[in-house]
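> Okay, so here is work_13.txt, and as you'll see once you scroll down, it has compact mmCIF, C-alpha atoms and all ligand atoms.
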# COMPACT_ATOMS: atom_id res chain seq x y z
CA MET A 13 23.29 3.56 36.52
CA ARG A 14 26.07 5.89 37.62
CA THR A 15 25.76 9.65 37.21
CA ILE A 16 27.39 10.97 34.05
CA ASN A 17 27.76 14.75 33.88
CA THR A 18 30.88 15.23 31.76
CA ILE A 19 32.21 14.08 28.40
CA ILE A 20 36.00 13.97 28.18
CA ILE A 21 37.63 13.82 24.74
CA HIS A 22 40.96 12.06 24.18
CA CYS A 23 43.21 11.11 21.30
CA SER A 24 45.07 7.82 20.96
CA ALA A 25 48.39 9.70 20.51
CA THR A 26 49.12 7.76 17.34
CA ARG A 27 50.39 9.19 14.06
CA ARG A 28 48.22 10.65 11.34
CA GLY A 29 46.85 8.08 8.93
CA LEU A 30 47.52 5.02 11.10
CA ASP A 31 44.32 3.17 11.80
CA PHE A 32 43.74 1.44 15.10
CA THR A 33 40.70 -0.09 16.74
CA ALA A 34 39.14 -0.32 20.17
CA ASN A 35 40.60 -3.84 20.32
CA ASP A 36 44.12 -2.50 19.78
CA ILE A 37 43.69 0.03 22.58
CA ASP A 38 42.24 -2.71 24.78
CA GLN A 39 45.46 -4.68 24.28
CA TRP A 40 47.70 -1.65 24.90
CA HIS A 41 45.89 -0.88 28.14
CA ARG A 42 46.06 -4.50 29.29
CA GLN A 43 49.79 -4.47 28.59
CA ARG A 44 50.01 -1.46 30.90
CA GLY A 45 48.33 -3.49 33.61
CA MET A 46 44.90 -1.91 33.30
CA ASP A 47 41.62 -3.77 33.41
CA GLY A 48 41.12 -3.50 29.64
CA ILE A 49 40.41 -0.41 27.56
CA GLY A 50 39.99 2.73 29.67
CA TYR A 51 37.85 4.62 27.13
CA HIS A 52 34.14 4.15 26.54
CA TYR A 53 34.13 5.02 22.83
CA VAL A 54 36.71 5.00 20.08
CA ILE A 55 36.32 6.91 16.80
CA ARG A 56 38.35 5.37 14.01
CA ILE A 57 39.86 7.26 11.10
CA ASP A 58 36.93 6.44 8.81
CA GLY A 59 34.48 7.73 11.44
CA THR A 60 33.40 4.33 12.70
CA ILE A 61 32.38 4.54 16.34
CA GLU A 62 33.42 1.52 18.39
CA ARG A 63 32.47 0.69 21.93
CA GLY A 64 35.23 0.32 24.46
CA ARG A 65 34.60 -0.11 28.16
CA ASP A 66 30.96 -0.58 29.11
CA ILE A 67 29.49 2.86 29.76
CA GLU A 68 28.04 1.60 33.06
CA LYS A 69 31.58 1.08 34.29
CA VAL A 70 33.78 3.91 35.48
CA GLY A 71 36.45 4.61 32.89
CA ALA A 72 40.22 4.82 33.32
CA HIS A 73 41.29 7.80 31.24
CA CYS A 74 41.58 10.95 33.32
CA ARG A 75 42.90 10.81 36.85
CA GLY A 76 40.46 12.32 39.36
CA HIS A 77 37.71 12.75 36.75
CA ASN A 78 36.67 9.21 35.88
CA ARG A 79 33.77 8.61 38.21
CA GLU A 80 31.15 10.87 36.61
CA SER A 81 32.46 11.12 33.08
CA VAL A 82 32.24 9.25 29.81
CA SER A 83 35.26 9.18 27.52
CA ILE A 84 35.64 9.39 23.75
CA CYS A 85 39.00 8.69 22.11
CA TYR A 86 39.66 9.45 18.46
CA ILE A 87 42.44 7.62 16.65
CA GLY A 88 45.26 10.05 15.91
CA GLY A 89 46.52 13.18 17.62
CA LEU A 90 50.11 13.17 16.30
CA ASP A 91 51.42 14.36 12.95
CA SER A 92 53.74 12.24 10.83
CA LEU A 93 56.71 13.36 12.94
CA GLY A 94 55.02 12.49 16.18
CA ARG A 95 54.13 16.03 17.22
CA PRO A 96 50.71 16.85 18.74
CA ALA A 97 48.25 17.84 16.00
CA ASP A 98 44.54 17.85 15.35
CA THR A 99 44.55 14.98 12.87
CA ARG A 100 40.80 14.36 12.96
CA THR A 101 39.41 13.49 9.58
CA ARG A 102 36.16 14.99 8.38
CA ALA A 103 34.49 11.66 9.15
CA GLN A 104 35.90 11.68 12.69
CA ARG A 105 34.70 15.22 13.36
CA TYR A 106 31.25 14.32 12.12
CA ALA A 107 31.11 11.13 14.17
CA MET A 108 32.37 12.95 17.26
CA ARG A 109 29.68 15.60 17.00
CA ARG A 110 26.99 12.96 16.52
CA LEU A 111 28.23 10.85 19.42
CA ILE A 112 28.30 13.90 21.72
CA GLU A 113 24.71 14.71 20.73
CA ILE A 114 23.59 11.14 21.34
CA LEU A 115 25.24 11.05 24.77
CA GLN A 116 23.79 14.43 25.72
CA ARG A 117 20.35 13.13 24.85
CA GLN A 118 20.93 9.91 26.77
CA PHE A 119 22.38 11.65 29.84
CA PRO A 120 20.64 15.01 30.38
CA GLU A 121 22.92 15.62 33.39
CA ILE A 122 25.84 16.22 31.05
CA ARG A 123 26.94 19.81 31.57
CA LEU A 124 30.51 19.74 30.34
CA VAL A 125 32.23 18.56 27.20
CA ILE A 126 35.97 19.02 27.61
CA GLY A 127 39.31 17.79 26.39
CA HIS A 128 41.69 15.80 28.57
CA ARG A 129 44.12 18.75 28.75
CA ASP A 130 41.34 21.00 30.08
CA VAL A 131 41.56 19.36 33.50
CA SER A 132 45.15 20.54 33.93
CA PRO A 133 45.79 22.74 36.95
CA ASP A 134 45.94 26.50 36.39
CA LEU A 135 49.49 26.75 37.74
CA ASN A 136 49.95 30.50 37.68
CA GLY A 137 46.38 31.13 38.83
CA ASN A 138 45.48 33.62 36.13
CA GLY A 139 42.16 31.88 35.45
CA ARG A 140 43.20 30.62 32.04
CA LEU A 141 44.86 27.42 30.99
CA GLU A 142 47.88 28.04 28.84
CA PRO A 143 49.73 25.49 26.70
CA SER A 144 52.66 25.52 29.13
CA GLU A 145 50.29 24.35 31.87
CA TRP A 146 48.78 21.37 30.05
CA ILE A 147 49.74 18.10 31.71
CA LYS A 148 49.62 16.71 28.20
CA SER A 149 48.33 17.97 24.89
CA CYS A 150 45.61 15.35 24.52
CA PRO A 151 43.28 15.63 22.61
CA CYS A 152 45.40 18.07 20.57
CA PHE A 153 42.59 20.47 19.72
CA ASP A 154 40.47 23.05 21.54
CA VAL A 155 37.22 21.25 22.32
CA ALA A 156 35.27 24.33 23.44
CA GLN A 157 36.29 26.31 20.38
CA TRP A 158 35.43 23.46 18.03
CA LEU A 159 32.02 22.90 19.65
CA SER A 160 31.14 26.59 19.44
CA LYS A 161 31.47 26.52 15.64
CA THR A 162 28.41 25.77 13.58
CA CYS A 163 28.61 22.34 12.12
CA HIS A 164 27.25 22.71 8.60
CA ASN A 165 30.52 23.20 6.78
CA ASN A 166 33.78 21.87 8.03
CA ASN A 167 32.61 20.14 11.16
ZN ZN B 201 43.82 11.78 27.06
Turn this file's structure into structure tokens for me.


Amino acid sequence: MRTINTIIIHCSATRRGLDFTANDIDQWHRQRGMDGIGYHYVIRIDGTIERGRDIEKVGAHCRGHNRESVSICYIGGLDSLGRPADTRTRAQRYAMRRLIEILQRQFPEIRLVIGHRDVSPDLNGNGRLEPSEWIKSCPCFDVAQWLSKTCHNNN
């Protein structure tokens, strides 16, 4: 088994309310010449968690950070006009939190849970990542801030 020490969260960059599956993403990624779906887990709009790429296999989702990470992609990430937005439904937030907990239990080496945009380079070197520095906005929400909230109410 490979070492897994990081969870990286993604969005599918599809519009709010449109439902897609791990199979759809598998086809999109094949059309782009990849070896099938690059993500390990997909969280659909209704909160269903689907398996993507086998977790034993290195993913293809975050250049330079694939080897020791596992990836979760929720369906959504764009508003109805195609702008980046946290479109996660309540069910998706709940499923995401549960999946993170399950993975952390399964892989005690996991130290980091981050969003795709959090691996962007700190261009001006001020020690903080600012929106203008994100290589992309994926996953369209602040993972650290969300995780630091208690989960009993809004998820
Ligand atoms: Zn991403």

> Contacts between region 23-44 of chain A and region 84-118 of chain A, please, where a residue of region 84-118 of chain A counts if it comes within 10 Å (with all atoms listed in the file); show its shortest atom pair and distance in Å to one decimal, rows by chain and ascending number, as a Markdown table.


| residue | atom | partner | partner_atom | distance |
| --- | --- | --- | --- | --- |
| A:Ile84 | CA | A:Cys23 | CA | 8.1 |
| A:Cys85 | CA | A:Cys23 | CA | 4.9 |
| A:Tyr86 | CA | A:Cys23 | CA | 4.8 |
| A:Ile87 | CA | A:Ser24 | CA | 5.1 |
| A:Gly88 | CA | A:Thr26 | CA | 4.7 |
| A:Gly89 | CA | A:Ala25 | CA | 4.9 |
| A:Leu90 | CA | A:Arg27 | CA | 4.6 |
| A:Asp91 | CA | A:Arg28 | CA | 5.2 |
| A:Ser92 | CA | A:Arg27 | CA | 5.6 |
| A:Leu93 | CA | A:Arg27 | CA | 7.7 |
| A:Gly94 | CA | A:Arg27 | CA | 6.1 |
| A:Arg95 | CA | A:Arg27 | CA | 8.4 |
| A:Pro96 | CA | A:Ala25 | CA | 7.7 |
| A:Ala97 | CA | A:Arg28 | CA | 8.6 |
| A:Asp98 | CA | A:Arg28 | CA | 9.0 |
| A:Thr99 | CA | A:Arg28 | CA | 5.9 |
| A:Arg100 | CA | A:Arg28 | CA | 8.5 |
| A:Thr101 | CA | A:Gly29 | CA | 9.2 |

> Counting all atoms listed in the file, which protein, DNA or RNA residues come within 8 Å of ligand ZN 201 (chain B), given as a PyMOL selection string?

chain A and resi 21-24+73-74+85+127-129+148-151

> Please indicate the distance in Å from CA of Ile19 (chain A) to CA of Ile122 (chain A), rounded to one decimal place.

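Between these atoms lies a distance of 7.2 Å.
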
> Skip Thr60 (chain A) itself and residues of its chain fewer than 5 positions away, then list as a PDB file with C-alpha atoms, in the coordinates of the input all residues within 10 Å of it, counting only C-alpha atoms.


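Final output, out-v7.pdb:
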ATOM      1  CA  THR A  33      40.700  -0.090  16.740  1.00  0.00           C
ATOM      2  CA  VAL A  54      36.710   5.000  20.080  1.00  0.00           C
ATOM      3  CA  ILE A  55      36.320   6.910  16.800  1.00  0.00           C
ATOM      4  CA  TYR A  86      39.660   9.450  18.460  1.00  0.00           C
ATOM      5  CA  ALA A 103      34.490  11.660   9.150  1.00  0.00           C
ATOM      6  CA  GLN A 104      35.900  11.680  12.690  1.00  0.00           C
ATOM      7  CA  ALA A 107      31.110  11.130  14.170  1.00  0.00           C
ATOM      8  CA  MET A 108      32.370  12.950  17.260  1.00  0.00           C
TER       9      MET A 108
END

> Measuring between all atoms listed in the file, which one of A:Arg14, A:Val131, A:Ile61, A:Asn138 shows the shortest distance to His77 (chain A)?

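Smallest separation from His77 (chain A) among the options: A:Val131.
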
> One decimal, Å: what's the distance from CA of Ala72 (chain A) over to CA of His52 (chain A), could you say?

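Atom-to-atom, CA of Ala72 (chain A) and CA of His52 (chain A) are spaced 9.1 Å apart.
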